[in-house]
>>> print(open('input_4.pdb').read())   # PDB, C-alpha atoms, pLDDT in the B column
ATOM      1  CA  MET A  26     -31.624  15.061 -33.884  1.00 77.00           C
ATOM      2  CA  ASP A  27     -34.408  16.849 -32.082  1.00 88.00           C
ATOM      3  CA  ASP A  28     -34.625  20.542 -33.108  1.00 91.00           C
ATOM      4  CA  ARG A  29     -35.253  21.533 -29.482  1.00 92.00           C
ATOM      5  CA  LEU A  30     -31.626  20.747 -28.678  1.00 92.00           C
ATOM      6  CA  ARG A  31     -30.493  23.438 -31.101  1.00 91.00           C
ATOM      7  CA  GLN A  32     -33.260  25.839 -30.127  1.00 92.00           C
ATOM      8  CA  TYR A  33     -33.031  25.655 -26.303  1.00 93.00           C
ATOM      9  CA  GLY A  34     -29.588  24.195 -25.576  1.00 92.00           C
ATOM     10  CA  TRP A  35     -27.736  20.922 -25.079  1.00 90.00           C
ATOM     11  CA  HIS A  36     -26.218  21.331 -21.622  1.00 91.00           C
ATOM     12  CA  SER A  37     -29.198  21.912 -19.377  1.00 93.00           C
ATOM     13  CA  PHE A  38     -32.930  22.463 -19.371  1.00 96.00           C
ATOM     14  CA  GLU A  39     -32.454  25.961 -17.941  1.00 93.00           C
ATOM     15  CA  ASN A  40     -33.728  27.781 -21.054  1.00 93.00           C
ATOM     16  CA  TRP A  41     -36.347  25.176 -21.989  1.00 96.00           C
ATOM     17  CA  PRO A  42     -40.066  25.755 -21.379  1.00 96.00           C
ATOM     18  CA  GLU A  43     -41.332  23.226 -18.834  1.00 95.00           C
ATOM     19  CA  SER A  44     -43.837  21.735 -21.287  1.00 95.00           C
ATOM     20  CA  GLU A  45     -41.049  21.158 -23.842  1.00 96.00           C
ATOM     21  CA  VAL A  46     -38.851  19.415 -21.240  1.00 97.00           C
ATOM     22  CA  HIS A  47     -41.697  17.132 -20.248  1.00 95.00           C
ATOM     23  CA  ASP A  48     -42.534  16.312 -23.880  1.00 96.00           C
ATOM     24  CA  TYR A  49     -38.864  15.728 -24.783  1.00 97.00           C
ATOM     25  CA  LEU A  50     -38.298  13.363 -21.855  1.00 97.00           C
ATOM     26  CA  THR A  51     -41.460  11.341 -22.414  1.00 96.00           C
ATOM     27  CA  THR A  52     -41.227  11.092 -26.213  1.00 95.00           C
ATOM     28  CA  LYS A  53     -37.464  10.955 -26.876  1.00 95.00           C
ATOM     29  CA  CYS A  54     -35.809   9.590 -23.731  1.00 95.00           C
ATOM     30  CA  GLY A  55     -37.936   6.679 -22.545  1.00 96.00           C
ATOM     31  CA  ILE A  56     -39.104   8.463 -19.402  1.00 98.00           C
ATOM     32  CA  ILE A  57     -42.614   7.415 -18.323  1.00 97.00           C
ATOM     33  CA  HIS A  58     -43.267  10.388 -16.000  1.00 97.00           C
ATOM     34  CA  ALA A  59     -41.136  13.472 -15.469  1.00 98.00           C
ATOM     35  CA  ARG A  60     -41.169  16.321 -12.989  1.00 97.00           C
ATOM     36  CA  GLN A  61     -38.998  19.235 -12.002  1.00 97.00           C
ATOM     37  CA  LEU A  62     -37.643  19.004  -8.471  1.00 97.00           C
ATOM     38  CA  PRO A  63     -37.606  21.999  -6.107  1.00 97.00           C
ATOM     39  CA  ASP A  64     -33.825  22.325  -6.656  1.00 95.00           C
ATOM     40  CA  GLY A  65     -34.523  22.959 -10.371  1.00 95.00           C
ATOM     41  CA  SER A  66     -33.258  19.598 -11.634  1.00 96.00           C
ATOM     42  CA  TRP A  67     -35.399  16.990 -13.394  1.00 97.00           C
ATOM     43  CA  ALA A  68     -36.383  13.491 -12.277  1.00 98.00           C
ATOM     44  CA  GLY A  69     -38.227  10.762 -14.104  1.00 98.00           C
ATOM     45  CA  LEU A  70     -39.464   7.200 -13.937  1.00 98.00           C
ATOM     46  CA  MET A  71     -38.079   4.713 -16.447  1.00 98.00           C
ATOM     47  CA  GLN A  72     -39.236   1.120 -16.830  1.00 98.00           C
ATOM     48  CA  LEU A  73     -36.308  -1.258 -17.223  1.00 96.00           C
ATOM     49  CA  LEU A  74     -36.581  -4.979 -17.921  1.00 95.00           C
ATOM     50  CA  TYR A  75     -37.003  -6.126 -14.296  1.00 95.00           C
ATOM     51  CA  THR A  76     -37.130  -2.888 -12.328  1.00 97.00           C
ATOM     52  CA  LEU A  77     -38.664   0.548 -12.215  1.00 98.00           C
ATOM     53  CA  SER A  78     -35.932   3.136 -11.990  1.00 98.00           C
ATOM     54  CA  VAL A  79     -35.886   6.706 -10.776  1.00 98.00           C
ATOM     55  CA  CYS A  80     -33.592   8.849 -12.906  1.00 98.00           C
ATOM     56  CA  MET A  81     -32.312  11.957 -11.127  1.00 97.00           C
ATOM     57  CA  GLY A  82     -30.461  14.935 -12.552  1.00 96.00           C
ATOM     58  CA  ILE A  83     -31.663  14.432 -16.121  1.00 97.00           C
ATOM     59  CA  SER A  84     -30.189  16.688 -18.797  1.00 96.00           C
ATOM     60  CA  PRO A  85     -30.882  17.010 -22.532  1.00 96.00           C
ATOM     61  CA  THR A  86     -28.034  14.580 -23.292  1.00 94.00           C
ATOM     62  CA  ASP A  87     -27.993  12.277 -20.218  1.00 94.00           C
ATOM     63  CA  THR A  88     -30.962  10.414 -18.780  1.00 95.00           C
ATOM     64  CA  TYR A  89     -29.449  10.446 -15.293  1.00 95.00           C
ATOM     65  CA  GLN A  90     -26.711  11.577 -12.970  1.00 95.00           C
ATOM     66  CA  TYR A  91     -28.090   9.043 -10.472  1.00 95.00           C
ATOM     67  CA  ARG A  92     -30.387   6.137 -11.284  1.00 96.00           C
ATOM     68  CA  TRP A  93     -32.022   4.090  -8.524  1.00 97.00           C
ATOM     69  CA  CYS A  94     -33.475   0.706  -9.575  1.00 97.00           C
ATOM     70  CA  PHE A  95     -36.259  -0.859  -7.494  1.00 97.00           C
ATOM     71  CA  GLU A  96     -38.003  -4.227  -7.752  1.00 97.00           C
ATOM     72  CA  ASP A  97     -41.017  -2.775  -5.916  1.00 98.00           C
ATOM     73  CA  PRO A  98     -42.614  -0.046  -8.041  1.00 98.00           C
ATOM     74  CA  ALA A  99     -44.167   1.538  -4.925  1.00 98.00           C
ATOM     75  CA  GLU A 100     -40.687   2.346  -3.567  1.00 98.00           C
ATOM     76  CA  ALA A 101     -39.655   3.884  -6.884  1.00 98.00           C
ATOM     77  CA  VAL A 102     -42.813   5.991  -7.035  1.00 98.00           C
ATOM     78  CA  HIS A 103     -42.283   7.108  -3.429  1.00 98.00           C
ATOM     79  CA  LEU A 104     -38.782   8.418  -4.227  1.00 98.00           C
ATOM     80  CA  TYR A 105     -39.995  10.011  -7.450  1.00 98.00           C
ATOM     81  CA  LYS A 106     -42.868  11.821  -5.721  1.00 98.00           C
ATOM     82  CA  THR A 107     -41.003  12.924  -2.566  1.00 97.00           C
ATOM     83  CA  ALA A 108     -37.547  13.838  -3.904  1.00 97.00           C
ATOM     84  CA  VAL A 109     -36.480  17.434  -3.350  1.00 97.00           C
ATOM     85  CA  GLU A 110     -32.892  17.303  -4.691  1.00 96.00           C
ATOM     86  CA  PHE A 111     -31.311  15.266  -7.473  1.00 94.00           C
ATOM     87  CA  ASP A 112     -28.699  13.736  -5.157  1.00 94.00           C
ATOM     88  CA  GLU A 113     -31.050  12.382  -2.494  1.00 94.00           C
ATOM     89  CA  ILE A 114     -30.549   8.889  -1.135  1.00 95.00           C
ATOM     90  CA  PRO A 115     -33.837   6.944  -1.024  1.00 96.00           C
ATOM     91  CA  ASP A 116     -35.254   6.492   2.470  1.00 95.00           C
ATOM     92  CA  ARG A 117     -37.137   3.346   1.383  1.00 96.00           C
ATOM     93  CA  ARG A 118     -34.597   0.841   0.035  1.00 94.00           C
ATOM     94  CA  GLU A 119     -35.921  -2.640   0.813  1.00 95.00           C
ATOM     95  CA  SER A 120     -36.292  -3.525  -2.890  1.00 96.00           C
ATOM     96  CA  LEU A 121     -33.346  -1.446  -4.156  1.00 95.00           C
ATOM     97  CA  VAL A 122     -31.365  -3.690  -6.500  1.00 93.00           C
ATOM     98  CA  GLY A 123     -28.991  -1.205  -8.062  1.00 90.00           C
ATOM     99  CA  HIS A 124     -27.681   2.303  -8.211  1.00 90.00           C
ATOM    100  CA  ARG A 125     -25.948   3.788 -11.219  1.00 91.00           C
ATOM    101  CA  HIS A 126     -24.260   7.157 -11.399  1.00 91.00           C
ATOM    102  CA  SER A 127     -22.272   9.260 -13.814  1.00 90.00           C
ATOM    103  CA  THR A 128     -20.463  11.221 -11.133  1.00 85.00           C
ATOM    104  CA  GLY A 129     -17.513   8.949 -10.325  1.00 84.00           C
ATOM    105  CA  THR A 130     -18.498   8.535  -6.680  1.00 85.00           C
ATOM    106  CA  PRO A 131     -21.588   6.627  -5.534  1.00 87.00           C
ATOM    107  CA  LEU A 132     -23.934   8.276  -3.050  1.00 88.00           C
ATOM    108  CA  TYR A 133     -24.805   4.968  -1.424  1.00 90.00           C
ATOM    109  CA  VAL A 134     -23.265   1.490  -1.328  1.00 87.00           C
ATOM    110  CA  GLU A 135     -24.721  -1.735   0.056  1.00 88.00           C
ATOM    111  CA  PHE A 136     -22.489  -4.660   0.948  1.00 89.00           C
ATOM    112  CA  ASP A 137     -23.080  -8.387   0.505  1.00 88.00           C
ATOM    113  CA  GLN A 138     -22.527 -11.132   3.111  1.00 91.00           C
ATOM    114  CA  LEU A 139     -18.763 -11.145   2.300  1.00 93.00           C
ATOM    115  CA  GLY A 140     -18.457  -7.408   2.862  1.00 91.00           C
ATOM    116  CA  LEU A 141     -18.045  -6.629  -0.821  1.00 91.00           C
ATOM    117  CA  PRO A 142     -19.968  -3.845  -2.561  1.00 87.00           C
ATOM    118  CA  LYS A 143     -23.105  -5.142  -4.311  1.00 83.00           C
ATOM    119  CA  TRP A 144     -22.717  -2.568  -7.071  1.00 73.00           C
ATOM    120  CA  ARG A 145     -20.504   0.379  -7.873  1.00 58.00           C
TER     121      ARG A 145
END
>>> encode(input="input_4.pdb", output="structure tokens")
Amino acid sequence: MDDRLRQYGWHSFENWPESEVHDYLTTKCGIIHARQLPDGSWAGLMQLLYTLSVCMGISPTDTYQYRWCFEDPAEAVHLYKTAVEFDEIPDRRESLVGHRHSTGTPLYVEFDQLGLPKWR
């Protein structure tokens, strides 16, 4: 276990120094780049097997509250760089191939040609 969890807290990054949050996310959580959003939450880029994902609402114990997966890295980087709040819906979604969440209710749902949700 990382000693910073005991030192600064498990539930949020509120008491963590910004440099420690950035180091923790990039060395322990698989986040490529991390930044604090204006709403105080944390976002990061994570390379998955076939997509680049934007993880939003990162905490010391969860790598996302919302994760947006894009085939086109430029769309992922755009969301990462322009996001203001952790629960934003991407405005560029042409290559969006998935959305995961830990909240119970998705922010956004796309439907296939049969009218069924593509993902939940």
>>> atom_distance(input="input_4.pdb", atom1="CA of Phe111 (chain A)", atom2="CA of Pro98 (chain A)")
19.0 Å
>>> resolve_selection(input="input_4.pdb", expression="the PyMOL selection byres ((chain A and resi 105) around 12)", output="JSON, numbers by chain")
{"A": [57, 58, 59, 60, 61, 62, 67, 68, 69, 70, 71, 77, 78, 79, 80, 81, 82, 92, 93, 94, 95, 98, 99, 100, 101, 102, 103, 104, 106, 107, 108, 109, 110, 111, 113, 114, 115, 116, 117]}
>>> closest_residue(input="input_4.pdb", among="A:Lys143, A:Lys53, A:His47, A:Arg29", to="Pro131 (chain A)", atoms="only C-alpha atoms")
A:Lys143
>>> axis_aligned_box(input="input_4.pdb", around="region 113-129 of chain A", padding_each_side="5 Å", output="JSON")
{"center_x": -27.3, "center_y": 4.3, "center_z": -5.7, "size_x": 29.6, "size_y": 26.1, "size_z": 26.3}
>>> atom_distance(input="input_4.pdb", atom1="CA of Tyr91 (chain A)", atom2="CA of Arg125 (chain A)")
5.7 Å
>>> residues_around(input="input_4.pdb", residues="Phe38 (chain A)", least_positions_apart="6", cutoff="7 Å", atoms="only C-alpha atoms", output="list in words")
Val46, Ser84 and Pro85 of chain A
>>> write_last_selection(input="input_4.pdb", atoms="C-alpha atoms", output="short mmCIF file (atom, residue, chain, number, x, y, z; two decimals), in the coordinates of the input")
data_model
loop_
_atom_site.label_atom_id
_atom_site.label_comp_id
_atom_site.auth_asym_id
_atom_site.auth_seq_id
_atom_site.Cartn_x
_atom_site.Cartn_y
_atom_site.Cartn_z
CA VAL A 46 -38.85 19.42 -21.24
CA SER A 84 -30.19 16.69 -18.80
CA PRO A 85 -30.88 17.01 -22.53
#
>>> resolve_selection(input="input_4.pdb", expression="the PyMOL selection byres ((chain A and resi 37) around 10)", output="MDAnalysis selection string")
chainID A and resid 30 33:36 38:41 66:67 82:87
>>> atom_distance(input="input_4.pdb", atom1="CA of Tyr89 (chain A)", atom2="CA of Thr128 (chain A)")
9.9 Å
>>> closest_residue(input="input_4.pdb", among="A:Gly123, A:Asp27, A:Thr88, A:Asp48", to="Tyr75 (chain A)", atoms="all atoms listed in the file")
A:Gly123
>>> closest_residue(input="input_4.pdb", among="A:Pro63, A:Asp97, A:Ile56, A:Ser44", to="Ser120 (chain A)", atoms="only C-alpha atoms")
A:Asp97
>>> residues_near_point(input="input_4.pdb", point="(-25.6, -2.5, -7.5)", cutoff="8 Å", atoms="all atoms listed in the file", output="PyMOL selection string")
chain A and resi 122-125+134-135+142-145
